[in-house]
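Undergrad: Take this structure, written in structure tokens, and hold onto it; I'll ask about it next.
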Amino acid sequence: MDKWFEKAKLGIFIHYGIYAVNGISESWSFYNGGISYEDYMKQLDGFTASKFDADKWADLIEKSGAKYAVLTTKHHDGVALWDTQFSDLNVVKSTPVKRDIIKEYAEAITKKGIHLGMYYSLIDWSHPDYPSVYQDGIVPDDLSKVNKFSEPTDGVQDEEKWNRFLEFNNNQLQEILTDYGKVDLLWFDGDWERSAKQWNLPEFKQYLQSFNPDIIINSRLQGHGDYKTPEQGIPITRPEGPWEFCTTINSSWGYVPTDTKFKSLNQIIRMFCDCITMGGNMLLDIGPMEDGTVDPREEAILLGLGKWIGTHEEAVFETDEGILPRYFLGGSTISKDKKTLYLFVYDDPKECLCLKGLSNNIKDITVLHSGKKLTHEIHGGVPWFNIPGTTWIHMTAEDAHEQVTVLKLELEGELDMYGGSGAVVTHN
């Protein structure tokens, strides 16, 4: 797997499509019966992208501090944001837009040096050949519970139709992977409706790699992805291997004007710190409005996050995952040479912070945003058994950043935690 992904730390997810016209849930709104399929598709007529400016998107993503971006090329509704030659259900042929949004997005993102990601729904609830088989080929006992958009309602499977659909997916993905420059990352969705065998894995993945052997693919490929993608809930313990936490700024992926349940900037920064503490990335989602502009509240979050990252860059990029929370009740990262520990302080301390299990001597402690030097003292410890004491760092609320404070601890030698942290050199 290409190392750029694990160094990236932050990506921006973009859910954009005709669902922004009515401001309703993308695809699921008709699948779950909240709106008729016909009324959902009437949004094609109102999708104008009249103020869509890919360069503005790219500029905002750059200012957020993100190193990669992922745009929905096609959601489960089957509406493609590019001029696909394999379906008329695309924004160039079937909406007033008449522009290849993917082309403009890819050019703008690539020009900024941001890694190019494409979301693609493996399922297509608009395609006539899609609802042709059942998962694993097993006909359910109760056909009354079958959804007509995803499976046959009569119990009869048609493998020929299914194979035609797989060819359709291959053709659309070939367009995405060959017509828009080098795609660094494919973000699949919808793998759950069919088995690995039905998706023709692992041959399908090998087909994708034939266009770019370095392409990175997320985990939604029935066990054949390259990294894990927990969604909406930050992992309690670190997932194995490379991973990315994808989340929304409010509760919705696409633009839903009635959804006012926004996370605060402080919450977003803390979530981001939690991710990089555990060696993962955060993929933060925005849902542009129908005209292509970004909701000012979402824009403010991205700019605020970028400002915080810019102030604390050395604690974010070119670092490894931090120490376990049993040592410090907050987040942390470690420099590549393991001689600097960065502590993320989420709340304002009264008089000091507590760091347990540090066997190194501390050369210097600096508040990263202000440059202020802090003092510390060590209590306890059993030197004859090499058990370190507790480090108390003198810090009060006046030393704190308005969002999350970062302390830089420069150490004598490589970081050595008593009992082992799982991420660094252990002390026995």
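To be explicit about the labels: the chains of the structure tokens are called A, B, and onward in the order shown, and within each one the residues are counted from 1, while ligands get numbers from 1 in the order they are shown.
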Pick out each residue of segment 38-134 of chain A that DSSP on the backbone tags as alpha helix (DSSP H); I need them as a PyMOL selection string.
TA: chain A and resi 38-41+54-63+91-94+101-111
Undergrad: Just want the 12 Å neighbourhood of Glu175 of chain A, counted on only C-alpha atoms, with same-chain residues fewer than 2 positions away dropped. Output as a ChimeraX atom specification.
TA: /A:73,80,82-86,102-103,118,120,168-173,177-183,208,211
Undergrad: Atom CA of Trp192 of chain A and atom CA of Ser219 of chain A are how many Å apart?
TA: 11.2 Å
Undergrad: Name all residues at most 10 Å from segment 138-147 of chain A (count only C-alpha atoms; drop same-chain ones fewer than 5 positions away) and give them as a ChimeraX atom specification.
TA: /A:31-32,125,131,133,152-157
Undergrad: Those residues you just picked out, can you put them in a file as a PDB file, in the first residue's frame with N, CA, C and O atoms?
TA:
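Okay, part.pdb is ready:
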```pdb
ATOM      1  N   TYR A  31     -35.290   4.462  -1.518  1.00  0.00           N
ATOM      2  CA  TYR A  31     -35.115   3.040  -1.230  1.00  0.00           C
ATOM      3  C   TYR A  31     -35.956   2.628  -0.014  1.00  0.00           C
ATOM      4  O   TYR A  31     -36.548   1.548   0.016  1.00  0.00           O
ATOM      5  N   ASN A  32     -35.992   3.520   0.987  1.00  0.00           N
ATOM      6  CA  ASN A  32     -36.744   3.231   2.214  1.00  0.00           C
ATOM      7  C   ASN A  32     -38.174   3.741   2.180  1.00  0.00           C
ATOM      8  O   ASN A  32     -38.888   3.679   3.193  1.00  0.00           O
ATOM      9  N   TRP A 125     -29.361   1.263  -7.758  1.00  0.00           N
ATOM     10  CA  TRP A 125     -30.780   0.967  -7.605  1.00  0.00           C
ATOM     11  C   TRP A 125     -31.635   1.499  -8.760  1.00  0.00           C
ATOM     12  O   TRP A 125     -32.853   1.348  -8.760  1.00  0.00           O
ATOM     13  N   PRO A 131     -31.178  -5.515  -9.838  1.00  0.00           N
ATOM     14  CA  PRO A 131     -31.966  -6.389  -8.951  1.00  0.00           C
ATOM     15  C   PRO A 131     -32.261  -7.745  -9.588  1.00  0.00           C
ATOM     16  O   PRO A 131     -33.412  -8.129  -9.776  1.00  0.00           O
ATOM     17  N   VAL A 133     -30.267 -10.783  -8.766  1.00  0.00           N
ATOM     18  CA  VAL A 133     -29.861 -11.922  -7.934  1.00  0.00           C
ATOM     19  C   VAL A 133     -29.965 -11.543  -6.459  1.00  0.00           C
ATOM     20  O   VAL A 133     -30.116 -10.372  -6.115  1.00  0.00           O
ATOM     21  N   PRO A 152     -34.666  -9.461  -6.884  1.00  0.00           N
ATOM     22  CA  PRO A 152     -35.910  -9.862  -7.575  1.00  0.00           C
ATOM     23  C   PRO A 152     -37.034 -10.081  -6.559  1.00  0.00           C
ATOM     24  O   PRO A 152     -36.803 -10.650  -5.493  1.00  0.00           O
ATOM     25  N   THR A 153     -38.231  -9.641  -6.897  1.00  0.00           N
ATOM     26  CA  THR A 153     -39.364  -9.806  -5.983  1.00  0.00           C
ATOM     27  C   THR A 153     -40.112 -11.118  -6.211  1.00  0.00           C
ATOM     28  O   THR A 153     -40.983 -11.484  -5.418  1.00  0.00           O
ATOM     29  N   ASP A 154     -39.742 -11.821  -7.290  1.00  0.00           N
ATOM     30  CA  ASP A 154     -40.479 -13.047  -7.628  1.00  0.00           C
ATOM     31  C   ASP A 154     -39.722 -14.334  -7.317  1.00  0.00           C
ATOM     32  O   ASP A 154     -40.188 -15.434  -7.614  1.00  0.00           O
ATOM     33  N   GLY A 155     -38.519 -14.197  -6.745  1.00  0.00           N
ATOM     34  CA  GLY A 155     -37.756 -15.388  -6.394  1.00  0.00           C
ATOM     35  C   GLY A 155     -36.962 -15.997  -7.534  1.00  0.00           C
ATOM     36  O   GLY A 155     -36.299 -17.013  -7.361  1.00  0.00           O
ATOM     37  N   VAL A 156     -37.019 -15.366  -8.701  1.00  0.00           N
ATOM     38  CA  VAL A 156     -36.326 -15.900  -9.881  1.00  0.00           C
ATOM     39  C   VAL A 156     -35.061 -15.084 -10.139  1.00  0.00           C
ATOM     40  O   VAL A 156     -35.120 -13.859 -10.305  1.00  0.00           O
ATOM     41  N   GLN A 157     -33.912 -15.752 -10.168  1.00  0.00           N
ATOM     42  CA  GLN A 157     -32.639 -15.074 -10.394  1.00  0.00           C
ATOM     43  C   GLN A 157     -32.234 -15.172 -11.866  1.00  0.00           C
ATOM     44  O   GLN A 157     -32.561 -16.129 -12.553  1.00  0.00           O
TER      45      GLN A 157
END
```
Undergrad: Provide the atom CA of Val404 of chain A to atom CA of Lys373 of chain A distance in Å, to one decimal place.
TA: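 Computed distance, atom CA of Val404 of chain A to atom CA of Lys373 of chain A, equals 17.2 Å.
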Undergrad: If I take atom CA of Tyr346 of chain A and atom CA of Gly279 of chain A, how far is one from the other in Å, to one decimal?
TA: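 One can read the atom CA of Tyr346 of chain A to atom CA of Gly279 of chain A distance as 18.1 Å.
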Undergrad: If you run DSSP over the backbone, which residues in segment 85-302 of chain A end up strand (DSSP E)? Put them as a PyMOL selection string.
TA: chain A and resi 115-121+185-189+216-217+244-248+281-286
Undergrad: Which neighbours of segment 13-21 of chain A fall inside 6 Å, counting only C-alpha atoms, when residues of the same chain fewer than 6 positions from it are skipped, and could you give them as a PDB file with N, CA and C atoms, in the first residue's frame?
TA:
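Dumped everything to result_19.pdb:
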```
ATOM      1  N   GLN A  43     -35.763  15.448  -9.309  1.00  0.00           N
ATOM      2  CA  GLN A  43     -34.706  16.371  -8.904  1.00  0.00           C
ATOM      3  C   GLN A  43     -33.678  16.591 -10.018  1.00  0.00           C
ATOM      4  N   LEU A  44     -33.631  15.662 -10.977  1.00  0.00           N
ATOM      5  CA  LEU A  44     -32.736  15.844 -12.134  1.00  0.00           C
ATOM      6  C   LEU A  44     -32.994  17.178 -12.814  1.00  0.00           C
ATOM      7  N   PHE A  47     -31.374  20.209 -10.885  1.00  0.00           N
ATOM      8  CA  PHE A  47     -29.942  20.186 -10.555  1.00  0.00           C
ATOM      9  C   PHE A  47     -29.184  21.028 -11.570  1.00  0.00           C
ATOM     10  N   ALA A  69      -8.851  14.123  -1.155  1.00  0.00           N
ATOM     11  CA  ALA A  69     -10.282  14.413  -1.260  1.00  0.00           C
ATOM     12  C   ALA A  69     -10.966  13.247  -1.954  1.00  0.00           C
ATOM     13  N   VAL A  70     -12.232  13.024  -1.601  1.00  0.00           N
ATOM     14  CA  VAL A  70     -13.021  11.940  -2.193  1.00  0.00           C
ATOM     15  C   VAL A  70     -14.393  12.499  -2.553  1.00  0.00           C
ATOM     16  N   LEU A  71     -14.754  12.434  -3.827  1.00  0.00           N
ATOM     17  CA  LEU A  71     -16.053  12.934  -4.307  1.00  0.00           C
ATOM     18  C   LEU A  71     -16.929  11.780  -4.783  1.00  0.00           C
ATOM     19  N   THR A  72     -18.220  11.868  -4.475  1.00  0.00           N
ATOM     20  CA  THR A  72     -19.183  10.865  -4.944  1.00  0.00           C
ATOM     21  C   THR A  72     -19.358  10.980  -6.461  1.00  0.00           C
ATOM     22  N   TRP A 253     -24.903  13.211   5.179  1.00  0.00           N
ATOM     23  CA  TRP A 253     -23.790  13.171   4.223  1.00  0.00           C
ATOM     24  C   TRP A 253     -23.985  14.223   3.135  1.00  0.00           C
ATOM     25  N   GLY A 254     -25.168  14.238   2.533  1.00  0.00           N
ATOM     26  CA  GLY A 254     -25.480  15.247   1.528  1.00  0.00           C
ATOM     27  C   GLY A 254     -26.082  16.480   2.184  1.00  0.00           C
ATOM     28  N   TYR A 255     -26.447  17.463   1.353  1.00  0.00           N
ATOM     29  CA  TYR A 255     -26.998  18.722   1.872  1.00  0.00           C
ATOM     30  C   TYR A 255     -28.449  18.517   2.304  1.00  0.00           C
ATOM     31  N   LEU A 283     -11.684  11.310   7.583  1.00  0.00           N
ATOM     32  CA  LEU A 283     -12.267  11.737   6.317  1.00  0.00           C
ATOM     33  C   LEU A 283     -13.533  12.501   6.657  1.00  0.00           C
ATOM     34  N   LEU A 284     -13.437  13.827   6.605  1.00  0.00           N
ATOM     35  CA  LEU A 284     -14.511  14.707   7.068  1.00  0.00           C
ATOM     36  C   LEU A 284     -15.387  15.124   5.893  1.00  0.00           C
ATOM     37  N   ASP A 285     -16.680  14.924   6.039  1.00  0.00           N
ATOM     38  CA  ASP A 285     -17.606  15.106   4.916  1.00  0.00           C
ATOM     39  C   ASP A 285     -18.248  16.486   4.874  1.00  0.00           C
ATOM     40  N   ILE A 286     -18.392  16.983   3.647  1.00  0.00           N
ATOM     41  CA  ILE A 286     -19.227  18.158   3.387  1.00  0.00           C
ATOM     42  C   ILE A 286     -20.260  17.778   2.325  1.00  0.00           C
ATOM     43  N   GLY A 287     -21.430  18.420   2.397  1.00  0.00           N
ATOM     44  CA  GLY A 287     -22.479  18.178   1.407  1.00  0.00           C
ATOM     45  C   GLY A 287     -22.854  19.488   0.736  1.00  0.00           C
ATOM     46  N   PRO A 288     -22.232  19.787  -0.412  1.00  0.00           N
ATOM     47  CA  PRO A 288     -22.522  21.057  -1.082  1.00  0.00           C
ATOM     48  C   PRO A 288     -24.001  21.224  -1.421  1.00  0.00           C
ATOM     49  N   MET A 289     -24.436  22.462  -1.472  1.00  0.00           N
ATOM     50  CA  MET A 289     -25.805  22.784  -1.849  1.00  0.00           C
ATOM     51  C   MET A 289     -26.002  22.513  -3.346  1.00  0.00           C
ATOM     52  N   GLU A 290     -27.245  22.535  -3.772  1.00  0.00           N
ATOM     53  CA  GLU A 290     -27.561  22.211  -5.179  1.00  0.00           C
ATOM     54  C   GLU A 290     -26.750  23.035  -6.163  1.00  0.00           C
TER      55      GLU A 290
END
```
Undergrad: For Lys228 of chain A, which residue out of A:Trp187, A:Glu313, A:Leu81, A:Gly322 is the nearest one, using only C-alpha atoms?
TA: A:Trp187
Undergrad: Would you mind telling me which residue in A:Lys74, A:Lys161, A:His401, A:Lys42 lies nearest to His312 of chain A when using only C-alpha atoms?
TA: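 For His312 of chain A, the nearest of the candidates is A:His401.
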Undergrad: Could you give me, as a PDB file with N, CA and C atoms, in the first residue's frame, the residues within 9 Å of Ala54 of chain A, counting only C-alpha atoms and dropping anything in the same chain fewer than 5 positions from it?
TA:
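See out-v3.pdb below for the written result:
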```pdb
ATOM      1  N   ASP A  59      -9.507  24.903  -3.244  1.00  0.00           N
ATOM      2  CA  ASP A  59      -8.889  25.900  -2.367  1.00  0.00           C
ATOM      3  C   ASP A  59      -9.327  25.688  -0.923  1.00  0.00           C
ATOM      4  N   ILE A 101     -18.748  17.229 -14.028  1.00  0.00           N
ATOM      5  CA  ILE A 101     -18.312  17.685 -12.712  1.00  0.00           C
ATOM      6  C   ILE A 101     -17.059  16.950 -12.254  1.00  0.00           C
ATOM      7  N   GLU A 104     -13.904  18.484 -13.876  1.00  0.00           N
ATOM      8  CA  GLU A 104     -13.497  19.761 -13.285  1.00  0.00           C
ATOM      9  C   GLU A 104     -12.922  19.551 -11.879  1.00  0.00           C
ATOM     10  N   TYR A 105     -13.544  18.664 -11.129  1.00  0.00           N
ATOM     11  CA  TYR A 105     -13.058  18.340  -9.780  1.00  0.00           C
ATOM     12  C   TYR A 105     -11.653  17.738  -9.847  1.00  0.00           C
ATOM     13  N   ALA A 106     -11.464  16.754 -10.719  1.00  0.00           N
ATOM     14  CA  ALA A 106     -10.167  16.057 -10.815  1.00  0.00           C
ATOM     15  C   ALA A 106      -9.060  17.029 -11.200  1.00  0.00           C
ATOM     16  N   GLU A 107      -9.337  17.899 -12.151  1.00  0.00           N
ATOM     17  CA  GLU A 107      -8.321  18.870 -12.590  1.00  0.00           C
ATOM     18  C   GLU A 107      -7.947  19.828 -11.462  1.00  0.00           C
ATOM     19  N   ALA A 108      -8.960  20.320 -10.728  1.00  0.00           N
ATOM     20  CA  ALA A 108      -8.707  21.301  -9.663  1.00  0.00           C
ATOM     21  C   ALA A 108      -7.951  20.682  -8.494  1.00  0.00           C
ATOM     22  N   ILE A 109      -8.332  19.469  -8.120  1.00  0.00           N
ATOM     23  CA  ILE A 109      -7.691  18.790  -6.987  1.00  0.00           C
ATOM     24  C   ILE A 109      -6.243  18.444  -7.332  1.00  0.00           C
ATOM     25  N   GLY A 292     -23.833  24.069  -5.923  1.00  0.00           N
ATOM     26  CA  GLY A 292     -22.401  23.750  -5.903  1.00  0.00           C
ATOM     27  C   GLY A 292     -21.613  24.493  -4.851  1.00  0.00           C
TER      28      GLY A 292
END
```
Undergrad: Which residues are near Gln403 of chain A? Cut-off 8 Å, only C-alpha atoms, ignore same chain within fewer than 5 positions. Put them as a ChimeraX atom specification.
TA: /A:265-266,269,308,346
